[in-house]
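Trainee: data_31.txt is the file, holding compact mmCIF, C-alpha atoms:
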```txt
# COMPACT_ATOMS: atom_id res chain seq x y z
CA MET A 67 145.78 205.89 48.16
CA GLU A 68 149.34 204.58 48.22
CA LEU A 69 150.78 201.99 50.56
CA SER A 70 153.82 199.72 50.75
CA LEU A 71 154.48 196.55 52.80
CA SER A 72 157.55 194.42 53.49
CA GLY A 73 158.86 191.89 55.97
CA ASN A 74 156.41 190.35 58.44
CA ALA A 75 153.61 192.72 57.43
CA LEU A 76 153.88 191.43 53.86
CA LYS A 77 153.65 187.81 55.04
CA THR A 78 150.64 188.64 57.19
CA PHE A 79 148.97 190.38 54.28
CA THR A 80 149.46 187.40 51.95
CA ARG A 81 148.13 184.99 54.62
CA SER A 82 145.11 187.23 55.09
CA VAL A 83 144.32 187.25 51.39
CA THR A 84 144.67 183.45 51.21
CA CYS A 85 142.33 183.01 54.18
CA LEU A 86 139.78 185.45 52.75
CA ALA A 87 139.84 183.60 49.42
CA ARG A 88 138.67 180.43 51.21
CA VAL A 89 135.70 182.29 52.67
CA GLY A 90 134.39 184.51 49.86
CA THR A 91 135.01 185.56 46.27
CA GLU A 92 135.09 189.35 46.49
CA LEU A 93 137.55 191.48 48.45
CA VAL A 94 136.55 194.90 49.73
CA LEU A 95 139.27 197.39 50.74
CA VAL A 96 138.34 200.21 53.07
CA ALA A 97 141.15 202.69 53.71
CA SER A 98 140.80 205.28 56.46
CA PRO A 99 143.36 207.41 58.29
CA SER A 100 143.26 205.08 61.31
CA LYS A 101 143.48 201.66 59.62
CA LEU A 102 143.15 199.61 56.46
CA GLU A 103 140.43 196.96 56.40
CA ILE A 104 139.99 194.09 53.98
CA HIS A 105 136.92 191.91 54.35
CA THR A 106 134.76 189.47 52.44
CA LEU A 107 131.33 187.86 52.62
CA ASN A 108 130.44 184.49 51.15
CA SER A 109 127.63 184.05 48.64
CA SER A 110 125.21 182.50 51.15
CA ARG A 111 125.92 185.33 53.64
CA SER A 112 126.71 182.84 56.38
CA ALA A 113 130.39 183.72 56.83
CA TYR A 114 132.02 187.13 57.20
CA GLN A 115 135.71 187.82 57.79
CA ILE A 116 137.56 191.07 58.24
CA VAL A 117 141.27 191.75 58.71
CA SER A 118 142.45 195.20 59.77
CA PHE A 119 145.98 196.59 59.63
CA HIS A 120 147.35 199.43 61.71
CA PRO A 121 149.05 202.24 59.71
CA GLY A 122 152.26 201.57 61.64
CA SER A 123 152.61 198.16 60.02
CA PHE A 124 153.14 199.73 56.56
CA ASP A 125 156.35 201.13 55.20
CA SER A 126 154.29 203.95 53.76
CA TYR A 127 150.59 204.73 54.06
CA ILE A 128 149.28 207.80 52.22
CA LEU A 129 145.67 208.84 51.63
CA SER A 130 144.71 211.58 49.23
CA SER A 131 141.68 212.58 51.30
CA SER A 132 140.68 212.50 54.93
CA SER A 133 137.61 210.42 54.20
CA SER A 134 137.65 206.69 53.73
CA ILE A 135 138.26 205.14 50.33
CA ARG A 136 136.52 201.96 49.23
CA CYS A 137 137.02 199.64 46.32
CA SER A 138 136.20 196.05 45.51
CA ILE A 139 138.17 193.50 43.51
CA LEU A 140 138.00 189.77 42.88
CA LEU A 141 140.02 187.66 45.29
CA LYS A 142 140.92 185.31 42.46
CA SER A 143 142.73 188.13 40.66
CA LEU A 144 144.62 189.23 43.75
CA CYS A 145 145.67 185.64 44.51
CA SER A 146 147.11 185.42 41.01
CA VAL A 147 149.19 188.53 41.69
CA LEU A 148 150.47 187.10 44.98
CA ARG A 149 151.42 183.81 43.40
CA THR A 150 155.05 184.80 43.81
CA PRO A 151 156.28 183.45 47.20
CA ALA A 152 156.59 186.06 49.93
CA ALA A 153 160.13 184.89 50.63
CA ALA A 154 161.13 186.02 47.13
CA LEU A 155 159.60 189.51 47.52
CA ASP A 156 161.28 192.58 48.89
CA ARG A 157 158.15 194.66 49.13
CA ILE A 158 154.77 195.24 47.50
CA ALA A 159 153.21 198.57 46.60
CA VAL A 160 149.48 199.15 46.11
CA SER A 161 148.13 202.29 44.50
CA LEU A 162 144.64 203.61 43.73
CA PRO A 163 144.88 206.87 41.76
CA SER A 164 141.43 208.13 42.76
CA PRO A 165 138.40 206.89 44.70
CA ASP A 166 136.58 206.39 41.39
CA ALA A 167 139.48 204.69 39.63
CA ALA A 168 138.59 201.69 37.47
CA LYS A 169 141.74 199.68 38.25
CA LEU A 170 143.95 198.99 41.24
CA GLN A 171 147.71 198.92 40.62
CA CYS A 172 149.93 196.34 42.38
CA THR A 173 153.69 196.39 42.00
CA LEU A 174 155.93 193.55 43.23
CA HIS A 175 159.58 194.30 43.94
CA CYS A 176 161.44 190.98 43.98
CA LEU A 177 164.74 190.32 45.74
CA SER A 178 166.23 189.37 42.41
CA GLY A 179 165.70 192.94 41.19
CA ALA A 180 162.69 192.12 39.02
CA LYS A 181 159.69 194.42 39.11
CA LYS A 182 156.20 193.17 38.29
CA THR A 183 153.24 195.48 37.81
CA TYR A 184 149.64 194.30 37.69
CA TRP A 185 146.38 196.14 37.09
CA ILE A 186 143.30 194.65 38.72
CA THR A 187 139.88 195.80 37.55
CA CYS A 188 137.64 197.17 40.29
CA ASN A 189 134.04 196.10 40.51
CA VAL A 190 131.53 198.68 39.32
CA ASP A 191 128.94 197.98 42.03
CA PRO A 192 130.85 196.70 45.06
CA ASP A 193 128.91 194.90 47.77
CA VAL A 194 130.36 196.60 50.83
CA GLN A 195 129.12 195.13 54.11
CA GLN A 196 130.01 196.19 57.61
CA LEU A 197 129.50 193.95 60.64
CA SER A 198 130.17 195.00 64.19
CA LEU A 199 129.87 192.61 67.14
CA ASP A 200 130.96 193.20 70.70
CA ARG A 201 133.03 190.27 71.88
CA ARG A 202 132.09 190.95 75.48
CA ARG A 203 128.44 190.08 74.84
CA PHE A 204 129.21 186.38 74.40
CA PRO A 205 128.88 184.46 77.69
CA SER A 206 130.93 181.42 76.59
CA SER A 207 134.43 181.38 75.15
CA LEU A 208 137.54 179.24 74.85
CA VAL A 209 141.16 179.79 73.83
CA VAL A 210 143.05 177.03 72.05
CA ARG A 211 146.30 176.71 70.17
CA PRO A 212 145.87 176.18 66.40
CA ARG A 213 148.06 173.08 66.50
CA ASP A 214 145.97 171.51 69.26
CA LEU A 215 142.72 172.33 67.45
CA ALA A 216 144.09 170.83 64.24
CA ARG A 217 144.97 167.67 66.15
CA LEU A 218 141.43 167.44 67.52
CA LEU A 219 139.86 168.01 64.10
CA ALA A 220 142.05 165.25 62.64
CA ASN A 221 139.76 162.74 64.37
CA PHE A 222 136.91 163.71 62.03
CA GLN A 223 136.46 162.92 58.37
CA SER A 224 138.03 165.35 55.94
CA SER A 225 134.76 165.59 54.03
CA LEU A 226 132.84 166.81 57.09
CA GLN A 227 131.00 170.06 56.36
CA GLU A 228 129.51 171.03 59.74
CA ILE A 229 130.66 170.42 63.27
CA THR A 230 128.95 170.96 66.62
CA ILE A 231 130.55 172.32 69.79
CA ILE A 232 128.71 171.46 73.01
CA ALA A 233 129.78 173.38 76.10
CA THR A 234 128.79 172.40 79.62
CA GLU A 235 129.76 173.71 83.00
CA THR A 236 133.01 172.31 84.29
CA SER A 237 132.27 169.37 86.58
CA ALA A 238 133.89 168.98 89.96
CA ALA A 239 134.65 165.34 89.20
CA PRO A 240 138.22 164.80 87.92
CA SER A 241 138.84 163.37 84.50
CA HIS A 242 140.27 160.14 85.95
CA SER A 243 137.12 159.42 87.95
CA GLY A 244 134.88 156.43 87.36
CA ASP A 245 132.65 158.35 84.99
CA GLU A 246 133.56 157.81 81.36
CA ILE A 247 133.43 161.54 80.54
CA GLY A 248 134.13 162.87 84.01
CA GLY A 249 135.70 166.33 83.87
CA LYS A 250 135.25 166.59 80.07
CA ALA A 251 133.04 169.65 79.74
CA VAL A 252 133.42 170.23 75.98
CA GLU A 253 132.26 167.93 73.21
CA LEU A 254 132.99 168.06 69.51
CA ARG A 255 130.41 166.20 67.43
CA SER A 256 130.19 165.70 63.71
CA TYR A 257 126.94 166.94 62.22
CA ILE A 258 125.44 164.98 59.35
CA ASP A 259 122.42 166.35 57.52
CA PRO A 260 119.62 163.81 58.12
CA THR A 261 117.90 164.79 54.88
CA LYS A 262 120.72 163.37 52.78
CA ASP A 263 120.35 159.85 51.39
CA ASN A 264 123.77 158.66 52.60
CA SER A 265 123.43 160.01 56.14
CA ASP A 266 123.23 156.50 57.61
CA ALA A 267 126.42 155.38 55.86
CA THR A 268 128.45 158.39 57.00
CA LEU A 269 130.82 158.10 59.93
CA HIS A 270 129.58 159.87 63.08
CA THR A 271 132.26 161.01 65.52
CA GLN A 272 132.04 162.38 69.06
CA LEU A 273 135.01 163.73 70.98
CA TRP A 274 134.91 164.68 74.65
CA ILE A 275 137.54 167.20 75.76
CA ASP A 276 138.85 168.19 79.16
CA PRO A 277 139.31 172.00 79.01
CA ALA A 278 142.10 171.88 81.57
CA GLU A 279 144.18 169.68 79.27
CA GLU A 280 143.52 171.12 75.81
CA PHE A 281 142.52 174.78 76.27
CA PHE A 282 144.36 177.79 77.64
CA GLN A 283 141.10 179.31 78.80
CA TYR A 284 137.52 178.07 79.06
CA THR A 285 134.54 180.07 80.27
CA HIS A 286 130.99 178.76 80.54
CA THR A 287 128.36 178.84 83.26
CA GLY A 288 124.77 177.69 83.33
CA ASP A 289 122.94 175.20 81.15
CA PRO A 290 124.67 173.34 78.31
CA VAL A 291 124.71 175.11 74.96
CA ASP A 292 125.67 174.00 71.47
CA VAL A 293 126.55 175.69 68.19
CA THR A 294 126.78 174.04 64.75
CA PHE A 295 128.78 175.82 62.04
CA GLY A 296 130.87 175.20 58.92
CA VAL A 297 134.20 173.39 59.06
CA LYS A 298 135.64 174.92 55.89
CA GLU A 299 135.84 178.45 57.31
CA LEU A 300 137.12 177.12 60.63
CA LYS A 301 140.05 175.35 58.97
CA ALA A 302 140.86 178.44 56.91
CA PHE A 303 141.02 180.64 60.00
CA LEU A 304 142.99 177.95 61.84
CA ALA A 305 145.68 177.98 59.11
CA PHE A 306 145.79 181.77 59.23
CA CYS A 307 146.33 181.87 63.01
CA GLU A 308 148.88 179.07 62.87
CA GLY A 309 150.90 180.96 60.25
CA CYS A 310 150.75 184.11 62.36
CA GLU A 311 151.71 182.08 65.50
CA VAL A 312 148.76 183.25 67.55
CA ASN A 313 146.08 181.37 69.47
CA ILE A 314 142.41 181.19 68.49
CA HIS A 315 139.79 182.80 70.71
CA ILE A 316 136.28 181.43 70.06
CA PHE A 317 133.20 183.25 71.35
CA PHE A 318 129.70 181.72 71.23
CA GLU A 319 126.34 181.95 72.96
CA LYS A 320 123.77 179.36 71.84
CA ALA A 321 122.25 177.68 68.80
CA GLY A 322 121.03 180.20 66.25
CA GLU A 323 123.37 182.96 67.45
CA PRO A 324 126.57 183.72 65.51
CA ILE A 325 129.92 182.35 66.58
CA LEU A 326 132.92 184.70 66.54
CA MET A 327 136.59 183.80 66.17
CA ALA A 328 139.54 186.10 66.67
CA PRO A 329 143.29 185.74 67.21
CA ARG A 330 144.51 185.83 70.79
CA PHE A 331 147.83 187.63 71.17
CA GLY A 332 149.14 186.12 74.40
CA PHE A 333 147.36 187.57 77.42
CA ASP A 334 146.77 190.94 75.75
CA ASP A 335 144.15 192.03 73.25
CA ALA A 336 144.83 193.30 69.73
CA SER A 337 145.48 196.88 70.86
CA ASP A 338 149.24 196.32 70.89
CA SER A 339 149.32 194.30 67.66
CA ASP A 340 149.80 195.55 64.12
CA PHE A 341 146.76 193.64 62.83
CA ASP A 342 143.52 192.09 64.00
CA ALA A 343 141.10 189.64 62.43
CA THR A 344 137.53 188.55 63.04
CA LEU A 345 135.60 185.65 61.59
CA VAL A 346 131.84 185.51 62.13
CA LEU A 347 129.92 182.38 61.20
CA ALA A 348 126.21 181.70 61.23
CA THR A 349 125.02 178.72 63.27
CA MET A 350 122.11 176.36 62.89
CA LEU A 351 118.84 177.31 64.55
CA VAL A 352 118.07 173.76 65.70
CA SER A 353 119.89 172.62 68.82
CA GLN A 354 121.59 169.23 68.76
CA LEU A 355 121.41 168.64 72.49
CA ASN A 356 118.08 166.80 72.37
CA SER A 357 118.81 164.81 69.23
CA GLY A 358 121.26 162.40 70.86
CA SER A 359 123.91 160.40 69.11
CA SER A 360 123.02 156.93 70.27
CA THR A 361 120.96 154.83 67.97
CA GLU A 362 117.54 154.20 69.40
CA GLN A 363 116.15 150.71 69.42
CA PRO A 364 113.34 150.21 66.92
CA SER A 365 110.00 150.40 68.62
CA VAL A 366 107.88 147.25 68.57
CA PRO A 367 104.35 147.90 67.30
CA PRO A 368 101.75 147.34 70.01
CA VAL A 369 99.78 144.11 69.80
CA PRO A 370 96.04 144.71 69.44
CA GLN A 371 93.86 143.75 72.36
CA LEU A 372 91.95 141.25 70.23
CA GLU A 373 95.12 139.45 69.21
CA ARG A 374 96.31 139.33 72.84
CA SER A 375 93.03 137.79 73.96
CA ARG A 376 93.18 135.23 71.17
CA ALA A 377 96.74 134.34 72.03
CA ALA A 378 95.81 133.97 75.69
CA ASN A 379 92.77 131.77 75.03
CA ALA A 380 94.26 129.72 72.23
CA SER A 381 94.49 126.03 73.01
CA PRO A 382 97.79 124.25 72.47
CA VAL A 383 98.14 122.79 68.99
CA SER A 384 98.80 119.08 68.92
CA ASP A 385 101.30 117.33 66.70
CA ASN A 386 98.47 115.79 64.64
CA PRO A 387 95.85 118.53 64.26
CA SER A 388 92.36 117.68 63.13
CA ASN A 389 90.99 118.34 59.68
CA HIS A 390 88.95 121.28 60.98
CA THR A 391 92.11 123.07 62.03
CA LYS A 392 93.63 122.52 58.62
CA ILE A 393 90.55 123.87 56.87
CA TRP A 394 90.49 127.02 58.98
CA SER A 395 94.15 127.73 58.53
CA GLU A 396 93.97 127.18 54.79
CA LEU A 397 90.96 129.37 54.17
CA SER A 398 91.69 132.20 56.56
CA GLY A 399 95.48 132.17 56.62
CA SER A 400 95.47 132.79 60.36
CA ALA A 401 96.73 130.78 63.30
CA ALA A 402 94.73 128.29 65.37
CA ARG A 403 91.60 129.75 66.92
CA SER A 404 90.07 129.18 70.29
CA SER A 405 87.89 126.16 71.01
CA ASP A 406 84.74 128.30 71.03
CA THR A 407 85.49 129.65 67.59
CA ILE A 408 86.12 126.16 66.21
CA ARG A 409 82.89 124.85 67.75
CA GLY A 410 80.94 127.69 66.09
CA LYS A 411 82.54 126.80 62.79
CA GLN A 412 81.52 123.16 63.23
CA VAL A 413 77.88 124.14 63.75
CA GLN A 414 78.02 126.21 60.58
CA VAL A 415 79.41 123.28 58.60
CA GLU A 416 76.69 121.01 59.95
CA GLY A 417 73.91 123.38 58.93
CA ASN A 418 75.30 123.90 55.45
CA PRO A 419 78.04 121.41 54.61
CA SER A 420 78.91 123.07 51.31
CA SER A 421 78.88 126.67 52.53
CA SER A 422 82.66 126.86 52.87
CA ILE A 423 83.30 125.23 49.52
CA PRO A 424 83.39 127.19 46.27
CA ASN A 425 80.47 126.68 43.88
CA ASP A 426 82.67 125.30 41.15
CA GLN A 427 84.47 122.79 43.38
CA GLN A 428 83.45 119.58 45.10
CA MET A 429 85.15 117.82 47.92
CA PRO A 430 86.91 114.70 46.74
CA ASN A 431 86.94 111.53 48.72
CA VAL A 432 89.64 111.40 51.33
CA ILE A 433 92.05 108.52 51.15
CA ASN A 434 92.80 107.53 54.69
CA VAL A 435 96.30 106.19 55.05
CA PRO A 436 96.87 104.50 58.41
CA ARG A 437 99.65 105.90 60.52
CA VAL A 438 102.80 103.88 60.29
CA PRO A 439 104.39 102.88 63.57
CA ALA A 440 107.94 103.91 64.26
CA ALA A 441 109.11 100.33 64.03
CA GLN A 442 107.85 99.99 60.45
CA GLU A 443 109.52 102.98 58.83
CA ASP A 444 110.86 100.77 56.08
CA THR A 445 107.39 100.19 54.62
CA LEU A 446 106.75 103.93 54.36
CA ASP A 447 108.59 104.23 51.10
CA ILE A 448 106.36 101.55 49.56
CA GLN A 449 103.05 103.02 50.67
CA GLN A 450 103.73 106.62 49.66
CA PRO A 451 103.82 105.87 45.91
CA MET A 452 100.61 103.92 46.28
CA GLU A 453 98.95 106.95 47.80
CA THR A 454 100.15 109.06 44.91
CA ASP A 455 98.79 106.62 42.38
CA ASP A 456 95.41 106.64 44.09
CA ARG A 457 95.31 110.40 44.00
CA ASP A 458 96.12 110.40 40.31
CA LYS A 459 93.30 107.93 39.73
CA THR A 460 90.94 110.08 41.74
CA GLN A 461 91.89 113.12 39.68
CA ASP A 462 91.40 111.22 36.43
CA ARG A 463 88.01 109.98 37.66
CA ALA A 464 86.97 113.56 38.46
CA ASP A 465 88.04 114.73 35.02
CA MET A 466 86.05 111.98 33.35
CA HIS A 467 82.83 113.05 35.10
CA GLY A 468 83.42 116.68 34.20
CA ASN A 469 83.94 117.80 37.78
CA PRO A 470 86.90 120.11 38.45
CA TYR A 471 89.43 118.80 40.89
CA SER A 472 90.26 120.90 43.95
CA GLN A 473 93.77 122.30 44.14
CA HIS A 474 93.85 121.85 47.92
CA HIS A 475 95.41 118.81 49.47
CA PRO A 476 92.75 116.11 50.10
CA SER A 477 93.76 115.88 53.74
CA ASN A 478 92.61 119.46 54.25
CA TRP A 479 88.96 118.67 53.58
CA VAL A 480 86.31 116.64 55.36
CA GLY A 481 85.12 113.75 53.23
CA ALA A 482 81.67 114.01 51.71
CA VAL A 483 81.00 110.36 52.47
CA ASP A 484 81.37 111.03 56.17
CA ASP A 485 78.74 113.78 55.99
CA GLU A 486 76.20 111.39 54.36
CA ASP A 487 76.81 108.64 56.90
CA ASP A 488 76.51 110.97 59.88
CA ASP A 489 73.17 112.61 59.08
CA ASP A 490 71.66 111.31 62.31
CA ASP A 491 74.40 112.77 64.46
CA GLU A 492 73.78 116.16 66.00
CA GLU A 493 77.29 117.45 65.35
CA LEU A 494 80.20 116.60 63.17
CA CYS A 495 82.60 114.06 64.62
CA VAL A 496 85.91 112.82 63.27
CA HIS A 497 86.73 109.25 64.26
CA SER A 498 90.18 108.43 65.46
CA THR A 499 92.54 106.61 63.14
CA PRO A 500 92.58 102.86 63.78
CA HIS A 501 95.80 101.12 64.53
CA TYR A 502 97.69 99.59 61.71
CA TYR A 503 97.89 95.79 61.48
CA ASP A 504 99.79 93.69 59.02
```
Here is a file; write its structure as C-alpha cells.

Mentor:
Amino acid sequence: MELSLSGNALKTFTRSVTCLARVGTELVLVASPSKLEIHTLNSSRSAYQIVSFHPGSFDSYILSSSSSIRCSILLKSLCSVLRTPAAALDRIAVSLPSPDAAKLQCTLHCLSGAKKTYWITCNVDPDVQQLSLDRRRFPSSLVVRPRDLARLLANFQSSLQEITIIATETSAAPSHSGDEIGGKAVELRSYIDPTKDNSDATLHTQLWIDPAEEFFQYTHTGDPVDVTFGVKELKAFLAFCEGCEVNIHIFFEKAGEPILMAPRFGFDDASDSDFDATLVLATMLVSQLNSGSSTEQPSVPPVPQLERSRAANASPVSDNPSNHTKIWSELSGSAARSSDTIRGKQVQVEGNPSSSIPNDQQMPNVINVPRVPAAQEDTLDIQQPMETDDRDKTQDRADMHGNPYSQHHPSNWVGAVDDEDDDDDEELCVHSTPHYYD
C-alpha cells in the first residue's frame, strides 16, 4: 500500500488523527480499493469513531492487492510524527511494504525542502472492530453549527464528564409566551454521578433551548426522550467539525440506545464529499426524565398516633408547675402528661411513697422559700444566699448521718415530712404557698 496526501486532504487527515487520539489509543487502518478507513475504539468500549477517505482525495493511492489491507499502530506514535504543523508540510507519504509488514513508513516532505522519514511499529495482534449503524433508523435528530454548540457547552463546568440531552416535541406556544420555557423543546442538563461523595457540592446546570433559534434542523415526535453520554468525545468531535467547517448532525433514539454523530455537509450527504466521519457513543441505561432537577423538600416523619393523642389531651402547663410535674419530667424525660396519667401516678405514690425513689437515696427536706412579690425584687438577692447556705447545711447534716444526698434539686421532690403529716388523707395534696409578709 502506498498513498500520498497534500493540501486540504492533508489538513483533514491530521485533524482526524488528533480527534481519534482523544477517543482511543490504537489506530486501525483498513485500505480497500473503494476507500481508506481509520478508526479507533476506547478501552471501555463505549466510544467508537471512524473516518473514511475517498480515493480521489489522495494524490496517489496504490494497493498491491485487490483485497483489503489492515494494520494497527499506536495513535501516540502517529501524533508524534505529525507534530510538524500542516502549514509547513508539502505532502506526506505513507507506505506499507506488505500486509504482514512489521512497520509502517511515514515520510514528511516539508516546504523548506527537508525530508523526514519515520518507521512506526505495527501491533502484532490488532483489535480490529467494525461497527455499522443505519442513520435512518434513529427517529430523533438535530443539526447544529459547531460554534453554536461550543457556545452552549460553555455554560457548563469544564470538568463535567457526562451531559444529558432531553428532546420533546416542539410546542405550539411561542418562546416569548408567558411560560418560562415556552417553545424550548430541547434541554441540556449536566449529569452528576450520585454515588460520588462530592455530588452535592458540584454545580448542576440546566439549559433550555429553542430549536428554531439555535439549530438548523430539529426532528422529534412523540414522548420526551433523553440520552446521557460523555462530554470528552463530544468536544473532540466538535473541534474536528469546526476545523473542517461542517455542521454536526446528531442522531439519537432513547436512553440506553447509542447516539450517533456525523458531519453535515450543507444540505447534501457525504456522497459528494472527499471524507466522512462517524462517532458512536454509548448512553446510560437509566433515564433522567423521572429524576428531576429540583431539590425535594425533606419529608417530615409522621407523628405516632399515641403522641398525637397525648398532645391533644395534654393540659396547658402553668407558669408555676407543681412538684408532681417536675418529678415526672425529671424521671421520664418526657413532656407534661395528661391529667389522668398524673392522677394515676399520685395514687401510686400514695400506696408506696418510696417506690419512685432509688434504694440508696432518701428524700431530703424541702426548704420552702416564699414567693417574692414583684415590688420586693431588691430583697431577692439577700434571700438567695440564705437558701444556698441552708442547702449546704442540709447536705452536711446528711453526710454526718451517713445518708447519701440526692443529686436532684430539692424542689423536684415531695417532702417526706408532708407524707407523714398527711397519713389520714386519702390522696396526696400540695398546699398552696402562703403570701409573704414582712

Trainee: Please, what distance in Å, to one decimal, runs between CA of Phe204 in chain A and CA of Ala233 in chain A?

Mentor: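 That distance, rounded to one decimal, is 13.1 Å.
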
Trainee: Which residue is closest to Phe303 in chain A? Choose from A:Ser161, A:Gln354, A:Thr344, A:Ser110 and count all atoms listed in the file.

Mentor: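 Checking each of A:Ser161, A:Gln354, A:Thr344, A:Ser110 against Phe303 in chain A, counting all atoms listed in the file, the winner is A:Thr344.
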
Trainee: Using all atoms listed in the file, which of the listed residues (A:Lys181, A:Ser207, A:Arg149, A:Asp156) sits closest to Arg81 in chain A?

Mentor: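 That would be A:Arg149, the residue with the smallest distance to Arg81 in chain A.
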
Trainee: I want to know what sits within 10 Å of Phe119 in chain A, based on only C-alpha atoms, with residues of the same chain fewer than 5 positions away left out; could you give that as a list in words?

Mentor: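 So, after excluding close chain neighbours, the residues are Ala75, Thr78, Phe79, Ala97, Ser100, Lys101, Leu102, Glu103, Ile104, Phe124, Ser339, Asp340, Phe341, Asp342 and Ala343 of chain A.
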
Trainee: How far is it from CA of Cys137 in chain A to CA of Glu299 in chain A, in Å with one decimal?

Mentor: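 Pair CA of Cys137 in chain A / CA of Glu299 in chain A returns 23.9 Å.
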
Trainee: Measuring atom to atom with all atoms listed in the file, identify which of A:Val96, A:Met350, A:Val190, A:Leu170 is nearest to Ile229 in chain A.

Mentor: A:Met350

Trainee: Report, in Å to a single decimal, how far apart CA of Thr236 in chain A and CA of Ala251 in chain A are.

Mentor: 5.3 Å
